[in-house]
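*Asks:* Hey, dropping input16.cif in here, mmCIF, C-alpha atoms:
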data_protein
#
loop_
_atom_site.group_PDB
_atom_site.id
_atom_site.type_symbol
_atom_site.label_atom_id
_atom_site.label_comp_id
_atom_site.auth_asym_id
_atom_site.auth_seq_id
_atom_site.Cartn_x
_atom_site.Cartn_y
_atom_site.Cartn_z
ATOM 1 C CA ALA A 1 0.000 0.000 0.000
ATOM 2 C CA GLN A 2 1.104 3.553 -0.603
ATOM 3 C CA SER A 3 1.932 5.995 2.177
ATOM 4 C CA VAL A 4 3.230 9.514 2.790
ATOM 5 C CA THR A 5 5.346 10.514 5.767
ATOM 6 C CA GLN A 6 5.978 14.045 6.935
ATOM 7 C CA PRO A 7 8.479 13.613 9.743
ATOM 8 C CA ASP A 8 8.113 17.082 11.224
ATOM 9 C CA ALA A 9 4.812 17.786 12.919
ATOM 10 C CA ARG A 10 5.750 21.381 13.729
ATOM 11 C CA VAL A 11 8.286 23.819 12.347
ATOM 12 C CA THR A 12 9.003 27.273 13.696
ATOM 13 C CA VAL A 13 10.899 29.763 11.589
ATOM 14 C CA SER A 14 11.670 33.484 11.675
ATOM 15 C CA GLU A 15 10.263 35.798 9.048
ATOM 16 C CA GLY A 16 12.713 36.145 6.184
ATOM 17 C CA ALA A 17 14.412 32.835 6.876
ATOM 18 C CA SER A 18 14.340 29.861 4.547
ATOM 19 C CA LEU A 19 11.980 26.950 5.016
ATOM 20 C CA GLN A 20 12.213 23.301 4.087
ATOM 21 C CA LEU A 21 9.439 20.808 4.745
ATOM 22 C CA ARG A 22 10.228 17.141 4.297
ATOM 23 C CA CYS A 23 8.070 14.544 2.622
ATOM 24 C CA LYS A 24 8.857 10.880 2.049
ATOM 25 C CA TYR A 25 6.623 8.525 0.150
ATOM 26 C CA SER A 26 6.243 4.819 -0.292
ATOM 27 C CA TYR A 27 4.902 3.554 -3.597
ATOM 28 C CA SER A 28 6.108 0.883 -5.978
ATOM 29 C CA ALA A 29 5.832 3.022 -9.109
ATOM 30 C CA THR A 30 6.409 6.709 -9.767
ATOM 31 C CA PRO A 31 3.591 8.605 -8.120
ATOM 32 C CA TYR A 32 1.954 11.912 -8.818
ATOM 33 C CA LEU A 33 2.932 14.201 -5.920
ATOM 34 C CA PHE A 34 1.335 17.313 -4.510
ATOM 35 C CA TRP A 35 1.831 19.896 -1.806
ATOM 36 C CA TYR A 36 -1.236 21.541 -0.328
ATOM 37 C CA VAL A 37 -1.559 24.324 2.254
ATOM 38 C CA GLN A 38 -4.383 24.740 4.745
ATOM 39 C CA TYR A 39 -5.060 28.049 6.469
ATOM 40 C CA PRO A 40 -7.227 28.145 9.600
ATOM 41 C CA ARG A 41 -10.871 27.186 8.977
ATOM 42 C CA GLN A 42 -10.198 26.800 5.276
ATOM 43 C CA GLY A 43 -9.977 23.956 2.813
ATOM 44 C CA LEU A 44 -6.779 22.788 1.233
ATOM 45 C CA GLN A 45 -5.214 24.805 -1.552
ATOM 46 C CA LEU A 46 -2.749 23.415 -4.066
ATOM 47 C CA LEU A 47 0.778 24.832 -3.919
ATOM 48 C CA LEU A 48 2.391 22.695 -6.597
ATOM 49 C CA LYS A 49 2.344 19.316 -8.268
ATOM 50 C CA TYR A 50 4.733 16.868 -9.881
ATOM 51 C CA TYR A 51 3.720 14.442 -12.585
ATOM 52 C CA SER A 52 6.935 13.827 -14.519
ATOM 53 C CA GLY A 53 9.927 15.573 -16.117
ATOM 54 C CA ASP A 54 12.021 18.231 -14.374
ATOM 55 C CA PRO A 55 12.348 17.124 -10.744
ATOM 56 C CA VAL A 56 12.227 20.718 -9.517
ATOM 57 C CA VAL A 57 8.765 22.206 -9.736
ATOM 58 C CA GLN A 58 7.711 25.756 -9.071
ATOM 59 C CA GLY A 59 4.503 26.616 -7.306
ATOM 60 C CA VAL A 60 2.528 29.552 -6.041
ATOM 61 C CA ASN A 61 3.881 32.128 -3.595
ATOM 62 C CA SER A 62 7.521 31.277 -4.474
ATOM 63 C CA PHE A 63 7.337 27.739 -3.176
ATOM 64 C CA GLU A 64 9.243 25.031 -4.981
ATOM 65 C CA ALA A 65 9.706 21.318 -4.464
ATOM 66 C CA GLU A 66 12.213 18.745 -5.589
ATOM 67 C CA PHE A 67 11.340 15.186 -6.472
ATOM 68 C CA SER A 68 13.909 12.489 -5.825
ATOM 69 C CA LYS A 69 13.126 8.983 -7.001
ATOM 70 C CA SER A 70 16.228 7.538 -5.385
ATOM 71 C CA ASN A 71 15.280 8.980 -1.994
ATOM 72 C CA SER A 72 11.502 8.604 -2.428
ATOM 73 C CA SER A 73 11.171 12.211 -1.397
ATOM 74 C CA PHE A 74 9.387 15.385 -2.413
ATOM 75 C CA HIS A 75 10.650 18.189 -0.185
ATOM 76 C CA LEU A 76 9.092 21.651 -0.216
ATOM 77 C CA GLN A 77 11.184 24.795 0.042
ATOM 78 C CA LYS A 78 10.851 28.539 0.212
ATOM 79 C CA ALA A 79 13.783 30.908 0.249
ATOM 80 C CA SER A 80 12.267 33.620 2.443
ATOM 81 C CA VAL A 81 9.088 33.138 4.446
ATOM 82 C CA HIS A 82 6.511 35.736 5.411
ATOM 83 C CA TRP A 83 4.252 35.690 8.474
ATOM 84 C CA SER A 84 1.336 34.872 6.143
ATOM 85 C CA ASP A 85 3.000 31.527 5.360
ATOM 86 C CA SER A 86 1.934 30.301 8.794
ATOM 87 C CA ALA A 87 -0.325 27.346 8.021
ATOM 88 C CA VAL A 88 -0.454 23.567 7.856
ATOM 89 C CA TYR A 89 1.245 21.999 4.855
ATOM 90 C CA PHE A 90 0.286 18.617 3.481
ATOM 91 C CA CYS A 91 2.194 16.381 1.129
ATOM 92 C CA ALA A 92 0.009 14.030 -0.906
ATOM 93 C CA LEU A 93 0.421 11.188 -3.348
ATOM 94 C CA SER A 94 -1.747 9.897 -6.134
ATOM 95 C CA MET A 95 -1.122 6.514 -7.607
ATOM 96 C CA SER A 96 -0.259 6.863 -11.263
ATOM 97 C CA ASN A 97 -1.726 3.536 -12.269
ATOM 98 C CA TYR A 98 -4.833 3.423 -10.111
ATOM 99 C CA ALA A 99 -7.473 6.032 -9.590
ATOM 100 C CA GLN A 100 -8.207 6.182 -5.896
ATOM 101 C CA GLY A 101 -7.842 9.770 -4.808
ATOM 102 C CA LEU A 102 -5.040 11.309 -2.800
ATOM 103 C CA THR A 103 -3.130 9.778 0.094
ATOM 104 C CA PHE A 104 -2.056 12.477 2.527
ATOM 105 C CA GLY A 105 0.684 12.840 5.065
ATOM 106 C CA LEU A 106 -0.286 14.061 8.521
ATOM 107 C CA GLY A 107 0.835 17.572 7.791
ATOM 108 C CA THR A 108 3.440 19.983 9.125
ATOM 109 C CA ARG A 109 2.295 23.038 11.067
ATOM 110 C CA VAL A 110 4.475 26.023 10.211
ATOM 111 C CA SER A 111 4.665 29.019 12.507
ATOM 112 C CA VAL A 112 6.450 32.111 11.239
ATOM 113 C CA PHE A 113 7.549 34.604 13.881
ATOM 114 C CA PRO A 114 8.508 38.236 13.213
ATOM 115 C CA ASP B 115 -14.919 31.347 -10.437
ATOM 116 C CA MET B 116 -13.832 27.744 -9.819
ATOM 117 C CA LYS B 117 -15.008 26.536 -6.475
ATOM 118 C CA VAL B 118 -16.335 23.715 -4.368
ATOM 119 C CA THR B 119 -19.143 24.764 -2.049
ATOM 120 C CA GLN B 120 -20.105 22.882 1.083
ATOM 121 C CA MET B 121 -23.232 23.338 3.133
ATOM 122 C CA PRO B 122 -23.614 23.719 6.008
ATOM 123 C CA ARG B 123 -20.277 24.916 7.376
ATOM 124 C CA TYR B 124 -21.116 23.980 10.951
ATOM 125 C CA LEU B 125 -23.548 21.368 12.198
ATOM 126 C CA ILE B 126 -24.453 19.916 15.575
ATOM 127 C CA LYS B 127 -26.472 16.708 15.677
ATOM 128 C CA ARG B 128 -27.579 14.305 18.370
ATOM 129 C CA MET B 129 -26.435 10.713 18.324
ATOM 130 C CA GLY B 130 -28.816 8.617 16.237
ATOM 131 C CA GLU B 131 -29.986 11.462 14.028
ATOM 132 C CA ASN B 132 -29.531 11.375 10.270
ATOM 133 C CA VAL B 133 -27.065 13.817 8.731
ATOM 134 C CA LEU B 134 -26.900 15.162 5.202
ATOM 135 C CA LEU B 135 -23.840 17.049 4.004
ATOM 136 C CA GLU B 136 -24.138 18.724 0.638
ATOM 137 C CA CYS B 137 -21.440 19.609 -1.839
ATOM 138 C CA GLY B 138 -21.488 21.387 -5.166
ATOM 139 C CA GLN B 139 -18.889 22.289 -7.753
ATOM 140 C CA ASP B 140 -19.076 24.629 -10.722
ATOM 141 C CA MET B 141 -16.221 23.185 -12.779
ATOM 142 C CA SER B 142 -18.014 20.249 -14.431
ATOM 143 C CA HIS B 143 -15.498 17.928 -12.810
ATOM 144 C CA GLU B 144 -16.082 14.217 -13.306
ATOM 145 C CA THR B 145 -14.538 13.074 -10.062
ATOM 146 C CA MET B 146 -15.657 14.086 -6.603
ATOM 147 C CA TYR B 147 -14.525 13.017 -3.137
ATOM 148 C CA TRP B 148 -15.475 13.069 0.491
ATOM 149 C CA TYR B 149 -12.697 13.182 3.090
ATOM 150 C CA ARG B 150 -12.741 13.559 6.826
ATOM 151 C CA GLN B 151 -9.992 15.278 8.791
ATOM 152 C CA ASP B 152 -9.157 14.382 12.358
ATOM 153 C CA PRO B 153 -6.235 15.470 14.555
ATOM 154 C CA GLY B 154 -3.438 12.959 14.365
ATOM 155 C CA LEU B 155 -5.066 11.058 11.513
ATOM 156 C CA GLY B 156 -4.856 13.589 8.732
ATOM 157 C CA LEU B 157 -7.288 13.357 5.834
ATOM 158 C CA GLN B 158 -8.909 10.042 5.104
ATOM 159 C CA LEU B 159 -10.900 9.207 1.988
ATOM 160 C CA ILE B 160 -14.479 8.139 2.663
ATOM 161 C CA TYR B 161 -15.898 7.845 -0.852
ATOM 162 C CA ILE B 162 -14.922 8.706 -4.385
ATOM 163 C CA SER B 163 -17.337 9.315 -7.220
ATOM 164 C CA TYR B 164 -16.215 8.964 -10.838
ATOM 165 C CA ASP B 165 -19.436 10.395 -12.261
ATOM 166 C CA VAL B 166 -23.206 10.266 -11.754
ATOM 167 C CA ASP B 167 -24.191 7.051 -9.951
ATOM 168 C CA SER B 168 -20.612 5.752 -10.179
ATOM 169 C CA ASN B 169 -19.337 5.703 -6.620
ATOM 170 C CA SER B 170 -16.611 3.704 -4.935
ATOM 171 C CA GLU B 171 -15.656 3.172 -1.316
ATOM 172 C CA GLY B 172 -12.560 4.845 -0.032
ATOM 173 C CA ASP B 173 -10.507 3.871 2.984
ATOM 174 C CA ILE B 174 -13.147 4.447 5.689
ATOM 175 C CA PRO B 175 -16.649 4.039 4.196
ATOM 176 C CA LYS B 176 -18.271 2.321 7.177
ATOM 177 C CA GLY B 177 -21.157 4.357 8.580
ATOM 178 C CA TYR B 178 -21.440 6.541 5.496
ATOM 179 C CA ARG B 179 -23.184 6.507 2.159
ATOM 180 C CA VAL B 180 -23.165 8.883 -0.754
ATOM 181 C CA SER B 181 -25.405 10.060 -3.529
ATOM 182 C CA ARG B 182 -24.515 11.639 -6.837
ATOM 183 C CA LYS B 183 -27.479 12.224 -9.132
ATOM 184 C CA LYS B 184 -26.050 15.250 -10.925
ATOM 185 C CA ARG B 185 -22.431 15.749 -11.935
ATOM 186 C CA GLU B 186 -22.158 18.991 -9.948
ATOM 187 C CA HIS B 187 -23.603 17.654 -6.687
ATOM 188 C CA PHE B 188 -22.283 15.040 -4.288
ATOM 189 C CA SER B 189 -23.919 14.306 -0.959
ATOM 190 C CA LEU B 190 -22.635 12.481 2.094
ATOM 191 C CA ILE B 191 -25.216 10.800 4.317
ATOM 192 C CA LEU B 192 -24.772 9.537 7.834
ATOM 193 C CA ASP B 193 -27.620 7.266 8.860
ATOM 194 C CA SER B 194 -27.906 7.342 12.637
ATOM 195 C CA ALA B 195 -24.888 9.459 13.462
ATOM 196 C CA LYS B 196 -22.384 8.332 16.058
ATOM 197 C CA THR B 197 -20.184 10.399 18.345
ATOM 198 C CA ASN B 198 -17.060 9.041 16.642
ATOM 199 C CA GLN B 199 -18.237 10.673 13.427
ATOM 200 C CA THR B 200 -17.533 14.069 14.932
ATOM 201 C CA SER B 201 -15.016 15.500 12.481
ATOM 202 C CA VAL B 202 -14.368 18.035 9.765
ATOM 203 C CA TYR B 203 -15.629 16.788 6.421
ATOM 204 C CA PHE B 204 -14.162 17.996 3.165
ATOM 205 C CA CYS B 205 -15.664 17.643 -0.250
ATOM 206 C CA ALA B 206 -13.345 17.885 -3.218
ATOM 207 C CA SER B 207 -13.411 17.544 -6.978
ATOM 208 C CA SER B 208 -11.022 17.015 -9.864
ATOM 209 C CA LEU B 209 -11.364 17.053 -13.629
ATOM 210 C CA GLU B 210 -10.166 13.465 -13.719
ATOM 211 C CA THR B 211 -8.583 11.200 -11.175
ATOM 212 C CA ASN B 212 -4.896 11.966 -10.638
ATOM 213 C CA THR B 213 -5.282 15.617 -11.622
ATOM 214 C CA GLU B 214 -5.375 18.623 -9.317
ATOM 215 C CA VAL B 215 -7.967 18.273 -6.578
ATOM 216 C CA PHE B 216 -9.980 21.307 -5.477
ATOM 217 C CA PHE B 217 -11.293 21.367 -1.927
ATOM 218 C CA GLY B 218 -14.258 22.994 -0.293
ATOM 219 C CA LYS B 219 -13.919 24.860 2.997
ATOM 220 C CA GLY B 220 -15.226 21.952 5.035
ATOM 221 C CA THR B 221 -18.157 21.163 7.309
ATOM 222 C CA ARG B 222 -17.441 20.858 10.997
ATOM 223 C CA LEU B 223 -19.830 18.194 12.311
ATOM 224 C CA THR B 224 -20.298 17.622 16.019
ATOM 225 C CA VAL B 225 -22.338 14.627 17.139
ATOM 226 C CA VAL B 226 -23.403 14.863 20.776
#
Could you render the structure as structure tokens?
*Replies:*
Amino acid sequence: AQSVTQPDARVTVSEGASLQLRCKYSYSATPYLFWYVQYPRQGLQLLLKYYSGDPVVQGVNSFEAEFSKSNSSFHLQKASVHWSDSAVYFCALSMSNYAQGLTFGLGTRVSVFP
Amino acid sequence: DMKVTQMPRYLIKRMGENVLLECGQDMSHETMYWYRQDPGLGLQLIYISYDVDSNSEGDIPKGYRVSRKKREHFSLILDSAKTNQTSVYFCASSLETNTEVFFGKGTRLTVV
């Protein structure tokens, strides 16, 4: 069965600092991978997605992620965070050969302090 | 404006009552989903619908059923609600499976 692991439940970072959120997946084939963000009392919004090709993908609000097949990872990064980036971030996987929705990690809560 | 709309946003029900959660989307998406979100468990797929009257169980379908009679509407029904069904429920849709999924803002259901 497929799975997604986000090893950091909480991350605290200062405004203007860089941010990296880790995501590891388990799946026998190459998955489709996504990062979503959830603001308080809101639904999930897509930040970026990876289907194939260039392992570095750009997303909204200057986020980017890098896919690594050898490491089974899809880490999210941002060079300089703003207080408005405080939210919960979810990594998700979709099986490329079977249509059964998204499998989510448990999320990483990011707190940005001034 | 592309969106998924969920009604109601907040709901309190007594144990044993029936619950209807409604979801609509204005993107003519084929695929729609119901997830629930619980602390420590993340988001779990309850049901997936591939089109009208074409529904499939997700990971945690027990205690739930769904109805999709029009492409733009997808309902989640709890017959005789239980306290362990207290959760935040998210409806979502995508053009096809494996493409970007759009989420509604969620319904916070409390069963007392």
*Asks:* Have a look at A:Leu44, A:Met95, A:Val112, A:Leu106 and name the one nearest to A:Gln2; count all atoms listed in the file.
*Replies:*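 Closest to A:Gln2, using all atoms listed in the file: A:Met95.
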*Asks:* Box along x, y and z, 8 Å on every side, all listed atoms of stretch 169-185 of chain B inside: centre and edge lengths in Å to one decimal, as JSON.
*Replies:*
{"center_x": -19.0, "center_y": 9.0, "center_z": -1.7, "size_x": 33.0, "size_y": 29.4, "size_z": 36.5}
*Asks:* Using all atoms listed in the file for the distances, tell me which of B:Leu159, B:Ile191, B:Leu209, B:Ile174 is nearest to chain A.
*Replies:*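 For chain A, the nearest of the given residues is B:Leu159.
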*Asks:* Enter the distance from atom CA of A:Ser26 to atom CA of B:Lys219, in Å, rounded to one decimal.
*Replies:*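 It comes out at 28.6 Å.
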*Asks:* From the list B:Met141, B:Leu135, B:Met121, B:Val202, which residue is nearest chain A when using only C-alpha atoms?
*Replies:*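 Nearest to chain A: B:Val202.
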*Asks:* Going by the chain IDs and residue numbers used in this file, which residues fall under the PyMOL selection byres ((chain B) within 9 of (chain A))? Write them as a PyMOL selection string.
*Replies:* chain B and resi 147+153-159+162+170+172+204+210-220
*Asks:* May I have the residues within 7 Å of B:Tyr124 as an MDAnalysis selection string, using all atoms listed in the file and disregarding those fewer than 6 positions away in the same chain?
*Replies:* chainID B and resid 221:223
*Asks:* Which residues are close to B:Arg185, i.e. within 12 Å by all atoms listed in the file, leaving aside same-chain residues fewer than 6 positions away? Reply as a list of chain:residue names.
*Replies:*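 Here the answer would be B:Cys137, B:Gly138, B:Gln139, B:Asp140, B:Met141, B:Ser142, B:His143, B:Glu144, B:Thr145, B:Met146, B:Ser163, B:Tyr164, B:Asp165, B:Val166, B:Asp167, B:Ser168, B:Asn169, B:Ser207, B:Ser208, B:Leu209.
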*Asks:* Can you turn the PyMOL selection byres ((chain B and resi 131-133) around 6) into a concrete residue list for this file, as a VMD selection string?
*Replies:* chain B and resid 128 to 130 134 191 to 195
*Asks:* Expand the PyMOL selection byres ((chain A and resi 21) around 10) into the individual residues it matches in the shown file, reporting them as an mmCIF file with C-alpha atoms, keeping the file's coordinate frame.
*Replies:*
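Generated output (expr_39.cif):
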data_model
loop_
_atom_site.group_PDB
_atom_site.id
_atom_site.type_symbol
_atom_site.label_atom_id
_atom_site.label_comp_id
_atom_site.auth_asym_id
_atom_site.auth_seq_id
_atom_site.Cartn_x
_atom_site.Cartn_y
_atom_site.Cartn_z
ATOM 1 C CA GLN A 6 5.978 14.045 6.935
ATOM 2 C CA PRO A 7 8.479 13.613 9.743
ATOM 3 C CA ASP A 8 8.113 17.082 11.224
ATOM 4 C CA ALA A 9 4.812 17.786 12.919
ATOM 5 C CA ARG A 10 5.750 21.381 13.729
ATOM 6 C CA VAL A 11 8.286 23.819 12.347
ATOM 7 C CA LEU A 19 11.980 26.950 5.016
ATOM 8 C CA GLN A 20 12.213 23.301 4.087
ATOM 9 C CA ARG A 22 10.228 17.141 4.297
ATOM 10 C CA CYS A 23 8.070 14.544 2.622
ATOM 11 C CA ALA A 65 9.706 21.318 -4.464
ATOM 12 C CA PHE A 74 9.387 15.385 -2.413
ATOM 13 C CA HIS A 75 10.650 18.189 -0.185
ATOM 14 C CA LEU A 76 9.092 21.651 -0.216
ATOM 15 C CA GLN A 77 11.184 24.795 0.042
ATOM 16 C CA LYS A 78 10.851 28.539 0.212
ATOM 17 C CA TYR A 89 1.245 21.999 4.855
ATOM 18 C CA PHE A 90 0.286 18.617 3.481
ATOM 19 C CA CYS A 91 2.194 16.381 1.129
ATOM 20 C CA GLY A 107 0.835 17.572 7.791
ATOM 21 C CA THR A 108 3.440 19.983 9.125
ATOM 22 C CA ARG A 109 2.295 23.038 11.067
ATOM 23 C CA VAL A 110 4.475 26.023 10.211
#
*Asks:* Considering only C-alpha atoms, can you say which of A:Ser68, A:Ser18, A:Ser28, A:Ser80 comes closest to A:Pro55?
*Replies:*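 Closest residue, counting only C-alpha atoms: A:Ser68.
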*Asks:* Please report the interatomic distance between atom CA of B:Tyr161 and atom CA of A:Ser73 in Å with one decimal.
*Replies:*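 Separation of atom CA of B:Tyr161 and atom CA of A:Ser73: 27.4 Å.
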*Asks:* For a test of reading the model, state the distance in Å between atom CA of A:Ser52 and atom CA of B:Ala206, rounded to one decimal.
*Replies:*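 Interatomic distance here is 23.6 Å.
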*Asks:* Between A:Lys69, A:Ser111, A:Val13, A:Asn61, which has the minimum distance to A:Tyr25 (counting all atoms listed in the file)?
*Replies:*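 Comparing A:Lys69, A:Ser111, A:Val13, A:Asn61 against A:Tyr25, the winner is A:Lys69.
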*Asks:* Starting from the incomplete input, reconstruct N, CA, C and O atoms of stretch 23-36 of chain A and report them as an mmCIF file, in the coordinates of the input.
*Replies:*
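Below you can see result-v1.cif, which holds the result:
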data_model
loop_
_atom_site.group_PDB
_atom_site.id
_atom_site.type_symbol
_atom_site.label_atom_id
_atom_site.label_comp_id
_atom_site.auth_asym_id
_atom_site.auth_seq_id
_atom_site.Cartn_x
_atom_site.Cartn_y
_atom_site.Cartn_z
ATOM 1 N N CYS A 23 9.123 15.477 2.987
ATOM 2 C CA CYS A 23 8.070 14.544 2.622
ATOM 3 C C CYS A 23 8.724 13.301 2.032
ATOM 4 O O CYS A 23 9.529 13.394 1.099
ATOM 5 N N LYS A 24 8.382 12.145 2.581
ATOM 6 C CA LYS A 24 8.857 10.880 2.049
ATOM 7 C C LYS A 24 7.640 10.053 1.662
ATOM 8 O O LYS A 24 6.619 10.077 2.348
ATOM 9 N N TYR A 25 7.744 9.325 0.577
ATOM 10 C CA TYR A 25 6.623 8.525 0.150
ATOM 11 C C TYR A 25 7.042 7.070 -0.034
ATOM 12 O O TYR A 25 8.218 6.759 -0.182
ATOM 13 N N SER A 26 6.035 6.231 -0.016
ATOM 14 C CA SER A 26 6.243 4.819 -0.292
ATOM 15 C C SER A 26 5.236 4.388 -1.344
ATOM 16 O O SER A 26 4.021 4.497 -1.126
ATOM 17 N N TYR A 27 5.763 3.973 -2.486
ATOM 18 C CA TYR A 27 4.902 3.554 -3.597
ATOM 19 C C TYR A 27 5.784 2.822 -4.586
ATOM 20 O O TYR A 27 6.901 3.249 -4.860
ATOM 21 N N SER A 28 5.280 1.751 -5.136
ATOM 22 C CA SER A 28 6.108 0.883 -5.978
ATOM 23 C C SER A 28 6.425 1.490 -7.336
ATOM 24 O O SER A 28 7.442 1.163 -7.952
ATOM 25 N N ALA A 29 5.587 2.375 -7.816
ATOM 26 C CA ALA A 29 5.832 3.022 -9.109
ATOM 27 C C ALA A 29 6.107 4.509 -8.864
ATOM 28 O O ALA A 29 6.230 4.948 -7.728
ATOM 29 N N THR A 30 6.223 5.259 -9.919
ATOM 30 C CA THR A 30 6.409 6.709 -9.767
ATOM 31 C C THR A 30 5.049 7.350 -9.548
ATOM 32 O O THR A 30 4.161 7.227 -10.381
ATOM 33 N N PRO A 31 4.904 8.033 -8.425
ATOM 34 C CA PRO A 31 3.591 8.605 -8.120
ATOM 35 C C PRO A 31 3.419 10.002 -8.699
ATOM 36 O O PRO A 31 4.380 10.607 -9.174
ATOM 37 N N TYR A 32 2.202 10.494 -8.639
ATOM 38 C CA TYR A 32 1.954 11.912 -8.818
ATOM 39 C C TYR A 32 2.014 12.517 -7.403
ATOM 40 O O TYR A 32 1.415 11.988 -6.473
ATOM 41 N N LEU A 33 2.707 13.625 -7.251
ATOM 42 C CA LEU A 33 2.932 14.201 -5.920
ATOM 43 C C LEU A 33 2.444 15.634 -5.850
ATOM 44 O O LEU A 33 2.544 16.384 -6.833
ATOM 45 N N PHE A 34 1.942 15.996 -4.699
ATOM 46 C CA PHE A 34 1.335 17.313 -4.510
ATOM 47 C C PHE A 34 1.737 17.871 -3.148
ATOM 48 O O PHE A 34 1.962 17.138 -2.195
ATOM 49 N N TRP A 35 1.784 19.194 -3.075
ATOM 50 C CA TRP A 35 1.831 19.896 -1.806
ATOM 51 C C TRP A 35 0.609 20.811 -1.731
ATOM 52 O O TRP A 35 0.338 21.573 -2.663
ATOM 53 N N TYR A 36 -0.087 20.695 -0.605
ATOM 54 C CA TYR A 36 -1.236 21.541 -0.328
ATOM 55 C C TYR A 36 -0.967 22.347 0.941
ATOM 56 O O TYR A 36 -0.232 21.919 1.825
#
